[in-house]
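K.L.:
Below is the file upload13.tsv, which contains TSV, C-alpha atoms and all ligand atoms.
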```tsv
chain	number	residue	atom	x	y	z
A	1	MET	CA	-77.64	28.13	8.87
A	2	SER	CA	-77.31	24.34	8.72
A	3	SER	CA	-80.71	22.67	8.44
A	4	GLY	CA	-79.35	19.60	10.21
A	5	THR	CA	-81.76	17.46	8.15
A	6	GLY	CA	-79.36	16.50	5.38
A	7	ASP	CA	-81.55	18.41	2.86
A	8	ALA	CA	-79.80	19.95	-0.14
A	9	VAL	CA	-78.83	23.53	0.69
A	10	ARG	CA	-80.03	26.27	-1.67
A	11	ALA	CA	-77.19	28.57	-2.69
A	12	LEU	CA	-77.64	32.33	-2.50
A	13	SER	CA	-77.62	34.13	-5.87
A	14	ILE	CA	-75.86	37.37	-6.75
A	15	ARG	CA	-79.30	38.81	-7.51
A	16	GLU	CA	-80.47	38.06	-3.95
A	17	TYR	CA	-77.22	39.49	-2.57
A	18	VAL	CA	-77.75	42.76	-4.46
A	19	GLN	CA	-81.43	42.88	-3.42
A	20	ARG	CA	-80.32	42.95	0.22
A	21	LYS	CA	-79.44	46.61	-0.29
A	22	GLN	CA	-82.89	47.46	-1.66
A	23	LYS	CA	-84.49	45.62	1.27
A	24	GLY	CA	-82.24	47.39	3.79
A	25	GLU	CA	-80.78	44.06	4.98
A	26	LYS	CA	-77.12	44.11	6.00
A	27	ILE	CA	-74.74	41.80	4.15
A	28	VAL	CA	-72.27	39.66	6.10
A	29	MET	CA	-68.99	38.60	4.50
A	30	VAL	CA	-65.92	36.91	5.97
A	31	THR	CA	-62.75	35.55	4.46
A	32	ALA	CA	-61.79	31.87	4.45
A	33	TYR	CA	-58.82	30.03	3.02
A	34	ASP	CA	-59.58	26.32	3.40
A	35	ALA	CA	-62.44	23.82	3.32
A	36	LEU	CA	-62.82	23.47	7.11
A	37	PHE	CA	-63.27	27.17	7.86
A	38	GLY	CA	-65.27	27.55	4.65
A	39	ARG	CA	-67.75	25.00	6.00
A	40	LEU	CA	-67.86	26.54	9.49
A	41	VAL	CA	-68.55	30.09	8.28
A	42	ASP	CA	-71.10	28.80	5.77
A	43	GLU	CA	-72.88	26.92	8.55
A	44	ALA	CA	-72.82	30.14	10.61
A	45	GLY	CA	-74.97	31.73	7.89
A	46	VAL	CA	-72.76	34.35	6.25
A	47	ASP	CA	-73.91	35.73	2.89
A	48	ALA	CA	-70.54	35.68	1.17
A	49	VAL	CA	-67.15	34.07	1.71
A	50	LEU	CA	-64.15	35.86	0.25
A	51	VAL	CA	-60.97	33.97	-0.52
A	52	GLY	CA	-58.90	37.09	0.09
A	53	ASP	CA	-55.35	37.60	-1.04
A	54	SER	CA	-54.98	38.52	2.65
A	55	LEU	CA	-53.98	34.85	2.79
A	56	GLY	CA	-50.53	36.21	1.95
A	57	ASN	CA	-50.53	37.93	5.35
A	58	VAL	CA	-52.53	35.63	7.59
A	59	ILE	CA	-51.67	32.22	6.13
A	60	ALA	CA	-48.28	32.68	4.44
A	61	GLY	CA	-46.89	35.15	7.00
A	62	LEU	CA	-45.90	37.73	4.39
A	63	ASP	CA	-45.74	41.48	5.06
A	64	THR	CA	-47.80	42.36	1.97
A	65	THR	CA	-50.17	40.64	-0.46
A	66	LEU	CA	-47.91	41.40	-3.44
A	67	PRO	CA	-46.20	37.98	-3.71
A	68	VAL	CA	-49.49	36.03	-3.80
A	69	THR	CA	-49.94	34.19	-7.12
A	70	LEU	CA	-52.94	33.17	-9.20
A	71	ASP	CA	-52.12	29.48	-8.69
A	72	GLN	CA	-52.13	29.99	-4.91
A	73	MET	CA	-55.50	31.77	-5.04
A	74	ILE	CA	-56.96	28.97	-7.17
A	75	TYR	CA	-55.57	26.32	-4.82
A	76	HIS	CA	-57.14	27.96	-1.74
A	77	ALA	CA	-60.41	28.82	-3.49
A	78	THR	CA	-60.80	25.21	-4.63
A	79	MET	CA	-60.49	24.09	-1.01
A	80	VAL	CA	-62.94	26.71	0.26
A	81	ARG	CA	-65.42	25.75	-2.48
A	82	ARG	CA	-65.63	22.23	-1.01
A	83	GLY	CA	-66.77	23.65	2.32
A	84	VAL	CA	-69.12	26.41	1.17
A	85	LYS	CA	-72.55	25.23	0.05
A	86	ARG	CA	-74.89	28.15	0.64
A	87	ALA	CA	-72.99	31.44	0.69
A	88	LEU	CA	-71.64	33.17	-2.38
A	89	LEU	CA	-67.95	32.53	-2.98
A	90	PHE	CA	-65.77	35.43	-4.16
A	91	VAL	CA	-62.08	35.22	-5.01
A	92	ASP	CA	-59.52	38.02	-4.92
A	93	MET	CA	-57.48	38.56	-8.08
A	94	PRO	CA	-53.86	38.83	-6.95
A	95	PHE	CA	-51.35	41.50	-7.92
A	96	LEU	CA	-50.26	41.58	-11.59
A	97	THR	CA	-52.87	39.11	-12.79
A	98	TYR	CA	-55.30	41.75	-14.12
A	99	GLN	CA	-53.50	45.10	-14.34
A	100	ALA	CA	-51.34	44.52	-17.44
A	101	SER	CA	-54.14	44.39	-20.03
A	102	VAL	CA	-57.82	43.69	-20.47
A	103	GLU	CA	-56.95	40.39	-22.15
A	104	GLN	CA	-54.80	39.35	-19.20
A	105	ALA	CA	-57.64	40.22	-16.81
A	106	ILE	CA	-60.24	38.23	-18.77
A	107	MET	CA	-57.99	35.17	-18.94
A	108	SER	CA	-57.00	35.34	-15.25
A	109	CYS	CA	-60.54	35.99	-13.97
A	110	GLY	CA	-61.93	33.35	-16.31
A	111	ARG	CA	-59.45	30.79	-14.98
A	112	VAL	CA	-60.57	31.54	-11.42
A	113	LEU	CA	-64.24	31.04	-12.24
A	114	GLN	CA	-63.60	27.97	-14.36
A	115	GLN	CA	-61.22	26.18	-12.00
A	116	THR	CA	-62.63	27.06	-8.57
A	117	GLY	CA	-66.40	27.20	-8.99
A	118	ALA	CA	-66.48	30.69	-7.44
A	119	SER	CA	-69.36	33.05	-8.24
A	120	ALA	CA	-67.32	36.22	-8.68
A	121	VAL	CA	-63.89	37.80	-8.57
A	122	LYS	CA	-62.75	40.92	-6.69
A	123	MET	CA	-60.29	43.41	-8.17
A	124	GLU	CA	-58.69	46.44	-6.53
A	125	GLY	CA	-58.73	49.95	-7.98
A	126	ALA	CA	-61.01	52.20	-10.00
A	127	GLY	CA	-58.98	54.37	-12.33
A	128	GLU	CA	-60.27	54.78	-15.89
A	129	GLU	CA	-58.25	51.81	-17.13
A	130	MET	CA	-59.49	49.66	-14.29
A	131	ALA	CA	-63.09	50.64	-15.08
A	132	GLU	CA	-62.55	49.50	-18.67
A	133	THR	CA	-61.10	46.22	-17.38
A	134	VAL	CA	-64.12	45.68	-15.13
A	135	ARG	CA	-66.47	46.46	-18.04
A	136	ARG	CA	-64.78	43.90	-20.30
A	137	VAL	CA	-64.48	41.20	-17.60
A	138	VAL	CA	-68.17	41.61	-16.75
A	139	GLY	CA	-68.87	41.58	-20.49
A	140	ALA	CA	-67.16	38.20	-20.67
A	141	GLY	CA	-69.71	36.87	-18.17
A	142	ILE	CA	-67.61	37.15	-15.03
A	143	PRO	CA	-69.26	38.94	-12.07
A	144	VAL	CA	-66.95	41.50	-10.45
A	145	VAL	CA	-66.72	43.03	-6.97
A	146	GLY	CA	-64.74	46.30	-6.86
A	147	HIS	CA	-62.45	47.42	-4.04
A	148	ILE	CA	-61.52	51.05	-3.32
A	149	GLY	CA	-60.18	53.11	-0.42
A	150	PHE	CA	-57.05	51.46	0.92
A	151	THR	CA	-56.12	48.86	-1.70
A	152	PRO	CA	-53.41	46.60	-0.20
A	153	GLN	CA	-51.84	45.77	-3.57
A	154	SER	CA	-50.95	49.50	-3.84
A	155	VAL	CA	-49.53	49.64	-0.32
A	156	HIS	CA	-46.26	51.16	-1.53
A	157	THR	CA	-47.82	53.93	-3.62
A	158	LEU	CA	-50.32	54.68	-0.83
A	159	GLY	CA	-47.52	54.91	1.76
A	160	GLY	CA	-48.78	52.16	4.07
A	161	ALA	CA	-52.14	50.95	5.40
A	162	ARG	CA	-53.69	54.40	5.85
A	163	VAL	CA	-57.24	55.71	5.91
A	164	GLN	CA	-58.09	57.09	2.44
A	165	GLY	CA	-60.32	60.02	1.46
A	166	ARG	CA	-59.74	62.28	4.43
A	167	ASP	CA	-59.57	65.49	2.39
A	168	ALA	CA	-62.38	66.88	0.26
A	169	GLY	CA	-60.62	66.27	-3.08
A	170	ASP	CA	-59.87	62.63	-2.29
A	171	ALA	CA	-63.38	62.14	-0.97
A	172	SER	CA	-65.03	63.38	-4.15
A	173	ARG	CA	-62.58	61.31	-6.24
A	174	MET	CA	-63.63	58.20	-4.31
A	175	ILE	CA	-67.32	58.91	-4.88
A	176	ASP	CA	-66.55	59.19	-8.62
A	177	GLU	CA	-64.57	55.94	-8.47
A	178	ALA	CA	-67.48	54.08	-6.89
A	179	ARG	CA	-69.88	55.42	-9.53
A	180	ARG	CA	-67.44	54.49	-12.27
A	181	LEU	CA	-67.16	50.93	-10.97
A	182	GLU	CA	-70.94	50.65	-10.79
A	183	ASP	CA	-71.26	51.98	-14.37
A	184	ALA	CA	-68.66	49.44	-15.48
A	185	GLY	CA	-70.84	46.64	-14.10
A	186	ALA	CA	-69.37	45.82	-10.67
A	187	PHE	CA	-72.23	44.36	-8.60
A	188	SER	CA	-70.71	45.27	-5.22
A	189	ILE	CA	-67.85	47.42	-3.91
A	190	VAL	CA	-65.56	46.86	-0.91
A	191	LEU	CA	-64.60	50.07	0.92
A	192	GLU	CA	-61.45	49.62	2.99
A	193	LEU	CA	-60.17	52.16	5.55
A	194	VAL	CA	-62.54	54.97	4.60
A	195	PRO	CA	-63.91	57.58	7.03
A	196	ALA	CA	-67.42	56.52	8.13
A	197	GLU	CA	-69.09	59.67	6.82
A	198	LEU	CA	-67.53	59.32	3.36
A	199	ALA	CA	-68.37	55.59	3.21
A	200	ALA	CA	-72.01	56.46	3.96
A	201	ARG	CA	-71.97	59.06	1.15
A	202	ILE	CA	-70.50	56.51	-1.28
A	203	THR	CA	-73.12	53.98	-0.17
A	204	ALA	CA	-75.88	56.49	-0.91
A	205	ALA	CA	-74.33	57.38	-4.28
A	206	VAL	CA	-74.44	53.85	-5.75
A	207	ALA	CA	-77.23	51.30	-6.15
A	208	VAL	CA	-74.92	48.32	-5.63
A	209	PRO	CA	-74.07	47.13	-2.09
A	210	THR	CA	-70.97	48.53	-0.42
A	211	ILE	CA	-69.12	46.26	1.99
A	212	GLY	CA	-66.98	48.01	4.57
A	213	ILE	CA	-63.82	47.06	6.41
A	214	GLY	CA	-62.73	49.93	8.58
A	215	ALA	CA	-65.39	52.05	6.86
A	216	GLY	CA	-68.00	52.58	9.58
A	217	ALA	CA	-71.60	51.48	9.99
A	218	GLY	CA	-73.09	53.25	6.98
A	219	CYS	CA	-72.05	50.56	4.48
A	220	ASP	CA	-74.52	47.97	3.19
A	221	GLY	CA	-72.48	45.17	4.73
A	222	GLN	CA	-69.29	44.37	6.59
A	223	VAL	CA	-66.35	42.06	5.94
A	224	LEU	CA	-63.61	40.94	8.32
A	225	VAL	CA	-60.59	38.72	7.82
A	226	LEU	CA	-61.50	35.50	9.63
A	227	PRO	CA	-58.30	34.94	11.68
A	228	ASP	CA	-58.61	38.58	12.87
A	229	LEU	CA	-62.29	38.18	13.83
A	230	LEU	CA	-61.50	34.94	15.67
A	231	GLY	CA	-58.56	36.43	17.57
A	232	LEU	CA	-56.22	33.88	15.98
A	233	ASN	CA	-54.09	36.64	14.54
A	234	ASP	CA	-53.46	38.19	17.95
A	235	ARG	CA	-50.59	40.44	16.87
A	236	PHE	CA	-52.97	42.47	14.68
A	237	ALA	CA	-55.18	44.97	16.49
A	238	PRO	CA	-56.27	47.86	14.24
A	239	LYS	CA	-58.94	50.27	15.52
A	240	PHE	CA	-61.67	48.90	13.24
A	241	LEU	CA	-61.29	45.29	14.38
A	242	LYS	CA	-63.66	43.68	16.86
A	243	ARG	CA	-62.58	40.22	18.01
A	244	TYR	CA	-65.41	37.75	18.54
A	245	ALA	CA	-63.17	35.06	20.07
A	246	GLU	CA	-59.69	34.78	21.54
A	247	MET	CA	-58.62	31.68	19.70
A	248	ALA	CA	-54.88	32.36	19.80
A	249	SER	CA	-54.84	31.80	23.57
A	250	ASP	CA	-57.18	28.78	23.17
A	251	VAL	CA	-54.76	27.23	20.66
A	252	ARG	CA	-51.69	27.89	22.81
A	253	GLY	CA	-53.49	26.60	25.93
A	254	ALA	CA	-54.74	23.42	24.23
A	255	VAL	CA	-51.32	22.57	22.79
A	256	GLU	CA	-49.65	23.28	26.15
A	257	ARG	CA	-52.10	20.88	27.86
A	258	PHE	CA	-51.46	18.23	25.18
A	259	ALA	CA	-47.68	18.64	25.62
A	260	SER	CA	-48.01	18.38	29.38
A	261	ASP	CA	-50.18	15.22	29.11
A	262	VAL	CA	-47.73	13.56	26.70
A	263	ARG	CA	-44.73	14.46	28.83
A	264	GLY	CA	-46.51	13.37	32.01
A	265	GLY	CA	-47.64	10.04	30.55
A	266	LYS	CA	-51.32	11.03	30.80
A	267	TYR	CA	-52.07	10.85	27.09
A	268	PRO	CA	-53.04	8.55	25.50
A	269	GLY	CA	-55.10	6.89	28.25
A	270	SER	CA	-56.58	3.42	27.98
A	271	GLU	CA	-59.79	5.00	26.60
A	272	HIS	CA	-57.77	6.31	23.62
A	273	SER	CA	-55.97	3.02	22.97
A	274	PHE	CA	-56.92	-0.12	20.99
A	301	LIG	O1	-57.83	40.21	0.96
A	301	LIG	C1	-58.81	40.39	1.70
A	301	LIG	O2	-59.06	39.64	2.65
A	301	LIG	C2	-59.66	41.53	1.42
A	301	LIG	C3	-60.63	41.94	2.48
A	301	LIG	C4	-59.91	42.65	3.54
A	301	LIG	C5	-61.74	42.75	1.93
A	301	LIG	O3	-59.54	42.13	0.40
```
What's the structure tokens form of this structure?

P.N.:
Amino acid sequence: MSSGTGDAVRALSIREYVQRKQKGEKIVMVTAYDALFGRLVDEAGVDAVLVGDSLGNVIAGLDTTLPVTLDQMIYHATMVRRGVKRALLFVDMPFLTYQASVEQAIMSCGRVLQQTGASAVKMEGAGEEMAETVRRVVGAGIPVVGHIGFTPQSVHTLGGARVQGRDAGDASRMIDEARRLEDAGAFSIVLELVPAELAARITAAVAVPTIGIGAGAGCDGQVLVLPDLLGLNDRFAPKFLKRYAEMASDVRGAVERFASDVRGGKYPGSEHSF
């Protein structure tokens, strides 16, 4: 929370973030894509701000995250960095910037850390090759958050945004994936669209914090996409989403009132003029 005194703000460390799990304290994460919202969510006291490649959907208006580039992620993360003083800042690695080889992953993740001032990167997937990539990226000194369950960059192979791990085989595979990511050095794991009971089992199976989105209450923390949480993205209403504001109607209403004032000669008034 903002001290309001102008004192320097102490930034949260990854160590403190991980300790939240041991202390039984829930972790709060939201996405942000620019300096203004970065500052507002930081002042609201979140633990981590994720510059998600969901910006492809909610900012760029794309159907999938696949076209998002590394340069775009770096551009947005640099803006968010200017607003976030206290929370940890994580950046999503976009499609095809880490899957081709370990070397590609180290160079891409390294660029993100070097050029944005973020604390960590997030990568989707947990196959054996991905685990090796995570191991080597962490070995290069780059903290990694994993992401399993529904992984939006694999939307086509997964057949759409569907809940993952509903049958026993998939469920046990996902528990193995989480353990593999932890062994590879990931310090936290996002679980997206996972049945609540399975997410709780995964959470119990690993020592690192799990962060759920559409994964029930048994995770160590929760993340939501900020425009969804704020009700700005009012055409998106999945079951897991709770809106904490209805900003889309606020925006439309405010702009309608402005338009009406301009057209009616009521704005600017003398109090707004020099
Ligand atoms: O891109 C994103 O915003 C994410 C969150 C949904 C976890 O990956």

K.L.:
Tell me, in Å to one decimal, how far CA of Ala215 in chain A is from CA of Leu191 in chain A.

P.N.:
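According to the coordinates, CA of Ala215 in chain A and CA of Leu191 in chain A are separated by 6.3 Å.
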
K.L.:
Could you report the residues within 8 Å of ligand LIG 301 (chain A), using all atoms listed in the file, as a list in words?

P.N.:
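What falls inside 8 Å of ligand LIG 301 (chain A) is Thr31, Leu50, Val51, Gly52, Asp53, Ser54, Leu55, Thr65, Asp92, Lys122, His147, Thr151, Pro152, Val190, Leu191, Glu192, Gly212, Ile213, Val223, Leu224 and Val225 of chain A.
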
K.L.:
May I ask for the distance between CA of Ala48 in chain A and CA of Val18 in chain A, given in Å to one decimal place?

P.N.:
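A separation of 11.6 Å between them.
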
K.L.:
Which residues are close to Met247 in chain A, i.e. within 9 Å by all atoms listed in the file, leaving aside same-chain residues fewer than 4 positions away? Reply as a list in words.

P.N.:
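Near neighbours after the sequence-gap exclusion: Pro227, Leu230, Gly231, Leu232, Asn233, Asp234, Val251 and Arg252 of chain A.
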
K.L.:
Of the candidates A:Ser101, A:Ala186, A:Ala178, A:Thr64, which shows the shortest atom-to-atom distance to Met123 in chain A, using all atoms listed in the file?

P.N.:
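Nearest candidate to Met123 in chain A out of A:Ser101, A:Ala186, A:Ala178, A:Thr64: A:Ala186.
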
K.L.:
Counting only C-alpha atoms, write as a list in words all protein and nucleic acid residues lying at most 7 Å from (-64.8, 37.4, -8.2) in the file's frame.

P.N.:
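I get Phe90, Val91, Asp92, Ala118, Ser119, Ala120, Val121, Lys122, Pro143, Val144 and Val145 of chain A for the residues within 7 Å of that point.
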
K.L.:
Could you dump the residues just selected with C-alpha atoms as a short mmCIF file (atom, residue, chain, number, x, y, z; two decimals), in the coordinates of the input?

P.N.:
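The result, stored in part.cif:
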```
data_model
loop_
_atom_site.label_atom_id
_atom_site.label_comp_id
_atom_site.auth_asym_id
_atom_site.auth_seq_id
_atom_site.Cartn_x
_atom_site.Cartn_y
_atom_site.Cartn_z
CA PHE A 90 -65.77 35.43 -4.16
CA VAL A 91 -62.08 35.22 -5.01
CA ASP A 92 -59.52 38.02 -4.92
CA ALA A 118 -66.48 30.69 -7.44
CA SER A 119 -69.36 33.05 -8.24
CA ALA A 120 -67.32 36.22 -8.68
CA VAL A 121 -63.89 37.80 -8.57
CA LYS A 122 -62.75 40.92 -6.69
CA PRO A 143 -69.26 38.94 -12.07
CA VAL A 144 -66.95 41.50 -10.45
CA VAL A 145 -66.72 43.03 -6.97
#
```

K.L.:
Write out as a PyMOL selection string each polymer residue whose atoms come within 7 Å of Val112 in chain A, counting only C-alpha atoms; drop sequence neighbours fewer than 4 positions from it.

P.N.:
chain A and resi 74+108+116

K.L.:
Would you output that residue set with C-alpha atoms, as a PDB file, in the frame of the given file?

P.N.:
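Wrote selection.pdb, looks like this:
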```
ATOM      1  CA  ILE A  74     -56.960  28.970  -7.170  1.00  0.00           C
ATOM      2  CA  SER A 108     -57.000  35.340 -15.250  1.00  0.00           C
ATOM      3  CA  THR A 116     -62.630  27.060  -8.570  1.00  0.00           C
TER       4      THR A 116
END
```

K.L.:
Have a look at CA of Val46 in chain A and CA of Tyr17 in chain A and let me know their distance in Å, one decimal.

P.N.:
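So the two atoms, CA of Val46 in chain A and CA of Tyr17 in chain A, lie 11.1 Å apart.
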
K.L.:
If you count all atoms listed in the file, which residues fall within 12 Å of Met107 in chain A, apart from same-chain ones fewer than 4 positions away, as JSON, numbers by chain?

P.N.:
{"A": [70, 93, 97, 98, 99, 100, 101, 102, 103, 111, 112, 113, 114, 115, 133, 136, 137, 140, 141, 142]}

K.L.:
Export, as a short mmCIF file (atom, residue, chain, number, x, y, z; two decimals), in the frame of the given file, the selected residues with C-alpha atoms.

P.N.:
```
data_model
loop_
_atom_site.label_atom_id
_atom_site.label_comp_id
_atom_site.auth_asym_id
_atom_site.auth_seq_id
_atom_site.Cartn_x
_atom_site.Cartn_y
_atom_site.Cartn_z
CA LEU A 70 -52.94 33.17 -9.20
CA MET A 93 -57.48 38.56 -8.08
CA THR A 97 -52.87 39.11 -12.79
CA TYR A 98 -55.30 41.75 -14.12
CA GLN A 99 -53.50 45.10 -14.34
CA ALA A 100 -51.34 44.52 -17.44
CA SER A 101 -54.14 44.39 -20.03
CA VAL A 102 -57.82 43.69 -20.47
CA GLU A 103 -56.95 40.39 -22.15
CA ARG A 111 -59.45 30.79 -14.98
CA VAL A 112 -60.57 31.54 -11.42
CA LEU A 113 -64.24 31.04 -12.24
CA GLN A 114 -63.60 27.97 -14.36
CA GLN A 115 -61.22 26.18 -12.00
CA THR A 133 -61.10 46.22 -17.38
CA ARG A 136 -64.78 43.90 -20.30
CA VAL A 137 -64.48 41.20 -17.60
CA ALA A 140 -67.16 38.20 -20.67
CA GLY A 141 -69.71 36.87 -18.17
CA ILE A 142 -67.61 37.15 -15.03
#
```

K.L.:
Between A:Asp167, A:Glu256, A:Asp47, A:Asp34, which has the minimum distance to Glu16 in chain A (counting all atoms listed in the file)?

P.N.:
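Checking each of A:Asp167, A:Glu256, A:Asp47, A:Asp34 against Glu16 in chain A, counting all atoms listed in the file, the winner is A:Asp47.
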
K.L.:
For Arg235 in chain A, which residue among A:Gly149, A:Gly160, A:Gly269, A:Gly61 is the nearest when counting all atoms listed in the file?

P.N.:
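Distance minimum relative to Arg235 in chain A lands on A:Gly61.
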
K.L.:
Name the residues within 10 Å of (-49.7, 47.5, -4.7), counting only C-alpha atoms in the file's coordinates, and put them as a PyMOL selection string.

P.N.:
chain A and resi 64-66+94-96+124-125+151-158+160

K.L.:
Please produce an output containing C-alpha atoms for each residue in the selection, written as a short mmCIF file (atom, residue, chain, number, x, y, z; two decimals), keeping the file's coordinate frame.

P.N.:
```cif
data_model
loop_
_atom_site.label_atom_id
_atom_site.label_comp_id
_atom_site.auth_asym_id
_atom_site.auth_seq_id
_atom_site.Cartn_x
_atom_site.Cartn_y
_atom_site.Cartn_z
CA THR A 64 -47.80 42.36 1.97
CA THR A 65 -50.17 40.64 -0.46
CA LEU A 66 -47.91 41.40 -3.44
CA PRO A 94 -53.86 38.83 -6.95
CA PHE A 95 -51.35 41.50 -7.92
CA LEU A 96 -50.26 41.58 -11.59
CA GLU A 124 -58.69 46.44 -6.53
CA GLY A 125 -58.73 49.95 -7.98
CA THR A 151 -56.12 48.86 -1.70
CA PRO A 152 -53.41 46.60 -0.20
CA GLN A 153 -51.84 45.77 -3.57
CA SER A 154 -50.95 49.50 -3.84
CA VAL A 155 -49.53 49.64 -0.32
CA HIS A 156 -46.26 51.16 -1.53
CA THR A 157 -47.82 53.93 -3.62
CA LEU A 158 -50.32 54.68 -0.83
CA GLY A 160 -48.78 52.16 4.07
#
```

K.L.:
Can you sort out the box for range 128-139 of chain A, edges along x, y and z, all listed atoms in, 6 Å on every side, with centre and edge lengths in Å to one decimal, as AutoDock Vina command-line options?

P.N.:
```
--center_x -63.6 --center_y 48.0 --center_z -17.4 --size_x 22.6 --size_y 25.6 --size_z 18.2
```

K.L.:
Of the residues A:Ala161, A:Ala35, A:Ile175, A:Ala8, which is the one nearest to Ala205 in chain A, using all atoms listed in the file?

P.N.:
A:Ile175

K.L.:
Skipping near chain neighbours, those fewer than 2 positions away, what residues fall within 12 Å of Ala199 in chain A using all atoms listed in the file, listed as a CSV table (one decimal) with C-alpha atoms, in the coordinates of the input?

P.N.:
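Heads up, here's the output in part_7.csv:
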```
chain,number,residue,atom,x,y,z
A,148,ILE,CA,-61.5,51.0,-3.3
A,149,GLY,CA,-60.2,53.1,-0.4
A,163,VAL,CA,-57.2,55.7,5.9
A,164,GLN,CA,-58.1,57.1,2.4
A,165,GLY,CA,-60.3,60.0,1.5
A,166,ARG,CA,-59.7,62.3,4.4
A,171,ALA,CA,-63.4,62.1,-1.0
A,172,SER,CA,-65.0,63.4,-4.2
A,174,MET,CA,-63.6,58.2,-4.3
A,175,ILE,CA,-67.3,58.9,-4.9
A,178,ALA,CA,-67.5,54.1,-6.9
A,189,ILE,CA,-67.8,47.4,-3.9
A,190,VAL,CA,-65.6,46.9,-0.9
A,191,LEU,CA,-64.6,50.1,0.9
A,192,GLU,CA,-61.4,49.6,3.0
A,193,LEU,CA,-60.2,52.2,5.6
A,194,VAL,CA,-62.5,55.0,4.6
A,195,PRO,CA,-63.9,57.6,7.0
A,196,ALA,CA,-67.4,56.5,8.1
A,197,GLU,CA,-69.1,59.7,6.8
A,201,ARG,CA,-72.0,59.1,1.2
A,202,ILE,CA,-70.5,56.5,-1.3
A,203,THR,CA,-73.1,54.0,-0.2
A,204,ALA,CA,-75.9,56.5,-0.9
A,205,ALA,CA,-74.3,57.4,-4.3
A,206,VAL,CA,-74.4,53.8,-5.8
A,209,PRO,CA,-74.1,47.1,-2.1
A,210,THR,CA,-71.0,48.5,-0.4
A,211,ILE,CA,-69.1,46.3,2.0
A,212,GLY,CA,-67.0,48.0,4.6
A,213,ILE,CA,-63.8,47.1,6.4
A,214,GLY,CA,-62.7,49.9,8.6
A,215,ALA,CA,-65.4,52.0,6.9
A,216,GLY,CA,-68.0,52.6,9.6
A,217,ALA,CA,-71.6,51.5,10.0
A,218,GLY,CA,-73.1,53.2,7.0
A,219,CYS,CA,-72.0,50.6,4.5
A,220,ASP,CA,-74.5,48.0,3.2
A,221,GLY,CA,-72.5,45.2,4.7
A,222,GLN,CA,-69.3,44.4,6.6
```

K.L.:
Would you kindly place N, CA, C and O atoms on range 215-225 of chain A and return the model as a PDB file, keeping the file's coordinate frame?

P.N.:
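Contents of the output file rebuild-v1.pdb:
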```pdb
ATOM      1  N   ALA A 215     -64.687  51.000   7.600  1.00  0.00           N
ATOM      2  CA  ALA A 215     -65.390  52.050   6.860  1.00  0.00           C
ATOM      3  C   ALA A 215     -66.711  52.430   7.537  1.00  0.00           C
ATOM      4  O   ALA A 215     -67.600  52.997   6.886  1.00  0.00           O
ATOM      5  N   GLY A 216     -66.848  52.130   8.808  1.00  0.00           N
ATOM      6  CA  GLY A 216     -68.000  52.580   9.580  1.00  0.00           C
ATOM      7  C   GLY A 216     -69.276  51.790   9.306  1.00  0.00           C
ATOM      8  O   GLY A 216     -69.293  50.844   8.510  1.00  0.00           O
ATOM      9  N   ALA A 217     -70.349  52.252   9.971  1.00  0.00           N
ATOM     10  CA  ALA A 217     -71.600  51.480   9.990  1.00  0.00           C
ATOM     11  C   ALA A 217     -72.535  51.812   8.838  1.00  0.00           C
ATOM     12  O   ALA A 217     -73.578  51.182   8.682  1.00  0.00           O
ATOM     13  N   GLY A 218     -72.167  52.825   8.035  1.00  0.00           N
ATOM     14  CA  GLY A 218     -73.090  53.250   6.980  1.00  0.00           C
ATOM     15  C   GLY A 218     -73.013  52.432   5.701  1.00  0.00           C
ATOM     16  O   GLY A 218     -73.720  52.715   4.743  1.00  0.00           O
ATOM     17  N   CYS A 219     -72.156  51.412   5.670  1.00  0.00           N
ATOM     18  CA  CYS A 219     -72.050  50.560   4.480  1.00  0.00           C
ATOM     19  C   CYS A 219     -73.220  49.568   4.464  1.00  0.00           C
ATOM     20  O   CYS A 219     -73.867  49.336   5.481  1.00  0.00           O
ATOM     21  N   ASP A 220     -73.425  48.944   3.299  1.00  0.00           N
ATOM     22  CA  ASP A 220     -74.520  47.970   3.190  1.00  0.00           C
ATOM     23  C   ASP A 220     -74.171  46.632   3.836  1.00  0.00           C
ATOM     24  O   ASP A 220     -75.048  45.794   4.049  1.00  0.00           O
ATOM     25  N   GLY A 221     -72.894  46.414   4.089  1.00  0.00           N
ATOM     26  CA  GLY A 221     -72.480  45.170   4.730  1.00  0.00           C
ATOM     27  C   GLY A 221     -71.092  45.348   5.307  1.00  0.00           C
ATOM     28  O   GLY A 221     -70.484  46.418   5.166  1.00  0.00           O
ATOM     29  N   GLN A 222     -70.616  44.317   5.962  1.00  0.00           N
ATOM     30  CA  GLN A 222     -69.290  44.370   6.590  1.00  0.00           C
ATOM     31  C   GLN A 222     -68.535  43.090   6.256  1.00  0.00           C
ATOM     32  O   GLN A 222     -69.129  42.008   6.154  1.00  0.00           O
ATOM     33  N   VAL A 223     -67.216  43.223   6.111  1.00  0.00           N
ATOM     34  CA  VAL A 223     -66.350  42.060   5.940  1.00  0.00           C
ATOM     35  C   VAL A 223     -65.215  42.146   6.953  1.00  0.00           C
ATOM     36  O   VAL A 223     -64.740  43.241   7.263  1.00  0.00           O
ATOM     37  N   LEU A 224     -64.830  41.014   7.505  1.00  0.00           N
ATOM     38  CA  LEU A 224     -63.610  40.940   8.320  1.00  0.00           C
ATOM     39  C   LEU A 224     -62.802  39.727   7.872  1.00  0.00           C
ATOM     40  O   LEU A 224     -63.355  38.746   7.347  1.00  0.00           O
ATOM     41  N   VAL A 225     -61.517  39.830   8.085  1.00  0.00           N
ATOM     42  CA  VAL A 225     -60.590  38.720   7.820  1.00  0.00           C
ATOM     43  C   VAL A 225     -60.763  37.712   8.957  1.00  0.00           C
ATOM     44  O   VAL A 225     -60.670  38.075  10.134  1.00  0.00           O
TER      45      VAL A 225
END
```
